[in-house]
Amino acid sequence: MEYKNNLSLIGETPVITVENDLIPQDKVLKLKLEYYNPNFSIKDRTAIGLIEKAEEKGLLYPGMHIIESTSGNLGKSLAMIGAIKKYKVTLVVDPKIEKSMLNIYKAYGANVVSVSTPDENGSYQKVRIKRVKEIIDSDKENNYYWPNQYENTDNSEYHYNYTGDEFLNIETDCIISAVSTGGHICGIGKKIKENRNVKIIGADVEGSKIFGGESKPYLINGAGLSWTSQNLNFDSLDYCIKATDSLAISLCRYFAKNNGLMLGGSSGLSLAGAIYMLNYTDVEVATAIIPDTGINYLNQIYDDNWVSENTKILEDAENILNEIDNMKVWETKYEEFVQ
């Protein structure tokens, strides 16, 4: 088939079924592989949704300059779209970002601005956003458009209108994804709940404040926030889980060795939620959203030296399942911990 450009390739990602010792023999784990999008992540969907809605509203037009705070994947997607649609793009990043990401941004022609000092909780998101606002305020011609993936509800609305339809065709008892802005999982969850009785689970990393609790530094890119964004609607979620960096990274490495899958760190959070549901609830079929590829993190979570300096790895299924058994899990309906 022939397509006009990369934007036509966004969406309609594949679903596979996987088996290993973490999954009960009488149950099924499906993975929705979002790294089959052109820029290898689900953020291609978010980016095109935000940009095209801004153009539709007259907020973005030729000659304007897109600016955004990003920890990685949304920046790639915006930079690609800017190259195709001929918008200038500036991306505000922080020291946690992979060097390969920066090279991709620059290859697409984006300008990169980096902050260096975290906030009082050790997080960089608020610092990045502050820098975005400073750049916008310094522009006397009002030439910048800020998609604001965190608070712009066009994010979740796009996933409700488009991504959610793909999940209606998946036979499953529950859908799990890592949460950051909350845009994709809550948009998908809203669409699913209007049509089917399927549980929706949001997965976060220890140290993030999306679901409350103490804010502290964490390693996983593409997940977590130091606040709860406007796109996160708890009415769309049945369960919330919080996993450690160690568990999420261990799961990514386990699935690489046992299933031949290179998964990004936030995928480990999705897998933690899915494996919990399959092992400790009556769910028969779980579908985990795999937000991006592990190729983005070869120098981090798949680098033995980096891992040994930053966290511990759970090498076998028994230790991983024990960690999942001790994971924080609660039902949003009752706001009570299950375990």
# chains A, B, ... in the order shown; residues from 1 in each chain; ligands from 1

$ closest_atom_pairs --of "range 100-219 of chain A" --to "range 40-46 of chain A" --cutoff "8 Å" --atoms "only C-alpha atoms" --output "Markdown table"
| residue | atom | partner | partner_atom | distance |
| --- | --- | --- | --- | --- |
| A:Gln149 | CA | A:Thr46 | CA | 8.0 |
| A:Asn155 | CA | A:Thr46 | CA | 6.0 |
| A:Tyr158 | CA | A:Thr46 | CA | 7.2 |
| A:His159 | CA | A:Thr46 | CA | 7.5 |
| A:Thr163 | CA | A:Arg45 | CA | 7.9 |
| A:Gly183 | CA | A:Thr46 | CA | 7.9 |
| A:His184 | CA | A:Thr46 | CA | 7.6 |

$ closest_atom_pairs --of "range 49-161 of chain A" --to "range 225-233 of chain A" --cutoff "6 Å" --atoms "only C-alpha atoms" --output "Markdown table"
| residue | atom | partner | partner_atom | distance |
| --- | --- | --- | --- | --- |
| A:Tyr150 | CA | A:Ser229 | CA | 5.5 |
| A:Glu151 | CA | A:Gln230 | CA | 4.8 |
| A:Thr153 | CA | A:Asn231 | CA | 5.5 |
| A:Ser156 | CA | A:Asn231 | CA | 5.9 |

$ write_last_selection --atoms "C-alpha atoms" --output "PDB file, in the first residue's frame"
ATOM      1  CA  TYR A 150      -0.664  17.546  30.565  1.00  0.00           C
ATOM      2  CA  GLU A 151      -3.648  19.879  30.889  1.00  0.00           C
ATOM      3  CA  THR A 153      -8.080  17.692  27.371  1.00  0.00           C
ATOM      4  CA  SER A 156      -7.836  12.329  26.145  1.00  0.00           C
TER       5      SER A 156
END

$ residues_around --residues "Val28 in chain A" --least-positions-apart "4" --cutoff "10 Å" --atoms "only C-alpha atoms" --output "PyMOL selection string"
chain A and resi 17-19+23-24+172-173+274-275+278+283-287

$ write_last_selection --atoms "N, CA and C atoms" --output "short mmCIF file (atom, residue, chain, number, x, y, z; two decimals), in the first residue's frame"
data_model
loop_
_atom_site.label_atom_id
_atom_site.label_comp_id
_atom_site.auth_asym_id
_atom_site.auth_seq_id
_atom_site.Cartn_x
_atom_site.Cartn_y
_atom_site.Cartn_z
N THR A 17 -0.25 -12.20 21.47
CA THR A 17 -0.43 -12.97 22.71
C THR A 17 0.92 -13.56 23.11
N VAL A 18 1.25 -13.47 24.40
CA VAL A 18 2.55 -13.98 24.86
C VAL A 18 2.35 -14.98 26.00
N GLU A 19 3.32 -15.89 26.12
CA GLU A 19 3.30 -16.89 27.19
C GLU A 19 4.66 -16.90 27.87
N ILE A 23 2.71 -15.88 33.68
CA ILE A 23 1.30 -15.90 33.27
C ILE A 23 0.72 -17.28 33.58
N PRO A 24 -0.35 -17.36 34.37
CA PRO A 24 -0.98 -18.66 34.65
C PRO A 24 -1.34 -19.38 33.35
N THR A 172 -11.13 -8.97 25.58
CA THR A 172 -10.34 -8.89 26.80
C THR A 172 -11.23 -8.60 27.99
N ASP A 173 -10.74 -8.95 29.18
CA ASP A 173 -11.47 -8.63 30.42
C ASP A 173 -10.97 -7.35 31.06
N ALA A 274 -0.93 -5.95 34.52
CA ALA A 274 -1.56 -7.08 33.82
C ALA A 274 -1.28 -8.39 34.54
N ILE A 275 -0.04 -8.60 34.96
CA ILE A 275 0.32 -9.85 35.62
C ILE A 275 -0.36 -9.95 36.98
N LEU A 278 -3.99 -11.05 36.28
CA LEU A 278 -4.08 -12.45 35.85
C LEU A 278 -3.82 -13.43 36.99
N VAL A 283 -9.84 -12.21 36.44
CA VAL A 283 -9.61 -11.84 35.04
C VAL A 283 -9.00 -13.02 34.28
N GLU A 284 -9.57 -13.35 33.12
CA GLU A 284 -9.07 -14.44 32.30
C GLU A 284 -8.15 -13.95 31.19
N VAL A 285 -8.46 -12.78 30.64
CA VAL A 285 -7.68 -12.22 29.54
C VAL A 285 -7.35 -10.76 29.87
N ALA A 286 -6.07 -10.43 29.89
CA ALA A 286 -5.62 -9.07 30.17
C ALA A 286 -4.89 -8.52 28.95
N THR A 287 -5.12 -7.25 28.65
CA THR A 287 -4.43 -6.59 27.54
C THR A 287 -3.62 -5.42 28.08
#

$ select_by_dssp --residues "range 34-220 of chain A" --states "strand (DSSP E or B)" --output "VMD selection string"
chain A and resid 41 65 to 69 88 to 93 111 to 114 144 to 145 174 to 178 199 to 206 208

$ write_last_selection --atoms "C-alpha atoms" --output "CSV table (one decimal), in the first residue's frame"
chain,number,residue,atom,x,y,z
A,41,SER,CA,5.5,5.1,20.6
A,65,HIS,CA,6.3,27.7,16.4
A,66,ILE,CA,5.4,24.6,18.5
A,67,ILE,CA,6.9,24.4,22.0
A,68,GLU,CA,6.5,21.6,24.5
A,69,SER,CA,7.9,20.0,27.6
A,88,LYS,CA,9.4,25.1,13.9
A,89,VAL,CA,9.6,23.0,17.0
A,90,THR,CA,11.3,23.7,20.4
A,91,LEU,CA,11.5,21.0,23.0
A,92,VAL,CA,12.2,21.5,26.7
A,93,VAL,CA,13.9,18.5,28.2
A,111,ASN,CA,15.5,23.2,18.7
A,112,VAL,CA,16.3,21.7,22.2
A,113,VAL,CA,16.4,23.6,25.5
A,114,SER,CA,17.5,21.7,28.6
A,144,TYR,CA,4.3,30.1,19.9
A,145,TYR,CA,1.7,27.3,20.3
A,174,CYS,CA,-9.2,-5.7,31.3
A,175,ILE,CA,-6.9,-3.1,29.8
A,176,ILE,CA,-3.8,-1.8,31.6
A,177,SER,CA,-1.5,1.0,30.8
A,178,ALA,CA,1.1,3.2,32.4
A,199,LYS,CA,-11.9,-3.3,33.7
A,200,ILE,CA,-9.5,-0.4,33.2
A,201,ILE,CA,-6.3,-0.2,35.2
A,202,GLY,CA,-3.9,2.7,35.5
A,203,ALA,CA,-0.3,1.9,36.4
A,204,ASP,CA,2.2,4.3,37.9
A,205,VAL,CA,5.7,4.3,39.3
A,206,GLU,CA,6.7,4.7,43.0
A,208,SER,CA,5.1,9.8,41.2

$ select_by_dssp --residues "range 86-296 of chain A" --states "alpha helix (DSSP H)" --output "MDAnalysis selection string"
chainID A and resid 99:107 125:137 154:158 164:167 183:193 245:259 265:280

$ closest_residue --among "A:Gln125, A:Thr13, A:Thr117, A:Asn142" --to "Met64 in chain A" --atoms "only C-alpha atoms"
A:Asn142

$ atom_distance --atom1 "CA of Asp21 in chain A" --atom2 "CA of Thr281 in chain A"
17.2 Å

$ residues_around --residues "Gln300 in chain A" --least-positions-apart "5" --cutoff "12 Å" --atoms "only C-alpha atoms" --output "MDAnalysis selection string"
chainID A and resid 96:100 219:221 249 252:253 264:265 294:295 305:311

$ write_last_selection --atoms "C-alpha atoms" --output "short mmCIF file (atom, residue, chain, number, x, y, z; two decimals), in the first residue's frame"
data_model
loop_
_atom_site.label_atom_id
_atom_site.label_comp_id
_atom_site.auth_asym_id
_atom_site.auth_seq_id
_atom_site.Cartn_x
_atom_site.Cartn_y
_atom_site.Cartn_z
CA LYS A 96 17.03 12.10 32.37
CA ILE A 97 16.57 12.05 28.61
CA GLU A 98 18.45 9.50 26.49
CA LYS A 99 21.10 10.95 24.17
CA SER A 100 19.58 9.02 21.28
CA LEU A 219 14.04 6.19 36.95
CA ILE A 220 11.26 5.32 34.52
CA ASN A 221 10.88 7.72 31.59
CA ILE A 249 12.75 -2.61 34.68
CA CYS A 252 11.17 -5.35 30.62
CA ARG A 253 14.38 -7.36 30.81
CA GLY A 264 10.33 0.67 27.14
CA GLY A 265 10.34 1.18 30.91
CA GLY A 294 13.11 -0.56 24.50
CA ILE A 295 15.39 0.54 21.66
CA ASN A 305 26.37 -1.15 34.22
CA TRP A 306 23.64 1.49 34.36
CA VAL A 307 21.27 -0.95 36.05
CA SER A 308 23.83 -2.04 38.66
CA GLU A 309 24.48 1.61 39.54
CA ASN A 310 20.82 2.60 39.79
CA THR A 311 18.58 -0.29 40.88
#

$ residues_around --residues "range 320-329 of chain A" --least-positions-apart "5" --cutoff "8 Å" --atoms "only C-alpha atoms" --output "PyMOL selection string"
chain A and resi 22+239-243+247+250-251+272+275-276+314-315+337-339

$ atom_distance --atom1 "CA of Thr332 in chain A" --atom2 "CA of Lys193 in chain A"
14.7 Å

$ closest_residue --among "A:Asn161, A:Asn37, A:Asn299, A:Asn169" --to "Gly11 in chain A" --atoms "only C-alpha atoms"
A:Asn37

$ residues_around --residues "Leu60 in chain A" --least-positions-apart "3" --cutoff "10 Å" --atoms "only C-alpha atoms" --output "number ranges by chain"
A: 51-57, 63-66, 87, 143-147

$ write_last_selection --atoms "C-alpha atoms" --output "CSV table (one decimal), in the first residue's frame"
chain,number,residue,atom,x,y,z
A,51,ILE,CA,-1.7,19.4,16.6
A,52,GLU,CA,-4.7,18.7,14.2
A,53,LYS,CA,-7.2,19.9,16.8
A,54,ALA,CA,-5.2,23.1,17.3
A,55,GLU,CA,-5.2,23.7,13.6
A,56,GLU,CA,-8.9,23.0,13.5
A,57,LYS,CA,-9.5,25.6,16.2
A,63,GLY,CA,4.5,30.3,10.4
A,64,MET,CA,3.9,29.5,14.1
A,65,HIS,CA,6.3,27.7,16.4
A,66,ILE,CA,5.4,24.6,18.5
A,87,TYR,CA,6.4,24.1,11.8
A,143,ASN,CA,4.2,33.2,17.7
A,144,TYR,CA,4.3,30.1,19.9
A,145,TYR,CA,1.7,27.3,20.3
A,146,TRP,CA,2.0,25.1,23.4
A,147,PRO,CA,0.0,21.8,23.0

$ atom_distance --atom1 "CA of Gly72 in chain A" --atom2 "CA of Asn296 in chain A"
8.9 Å
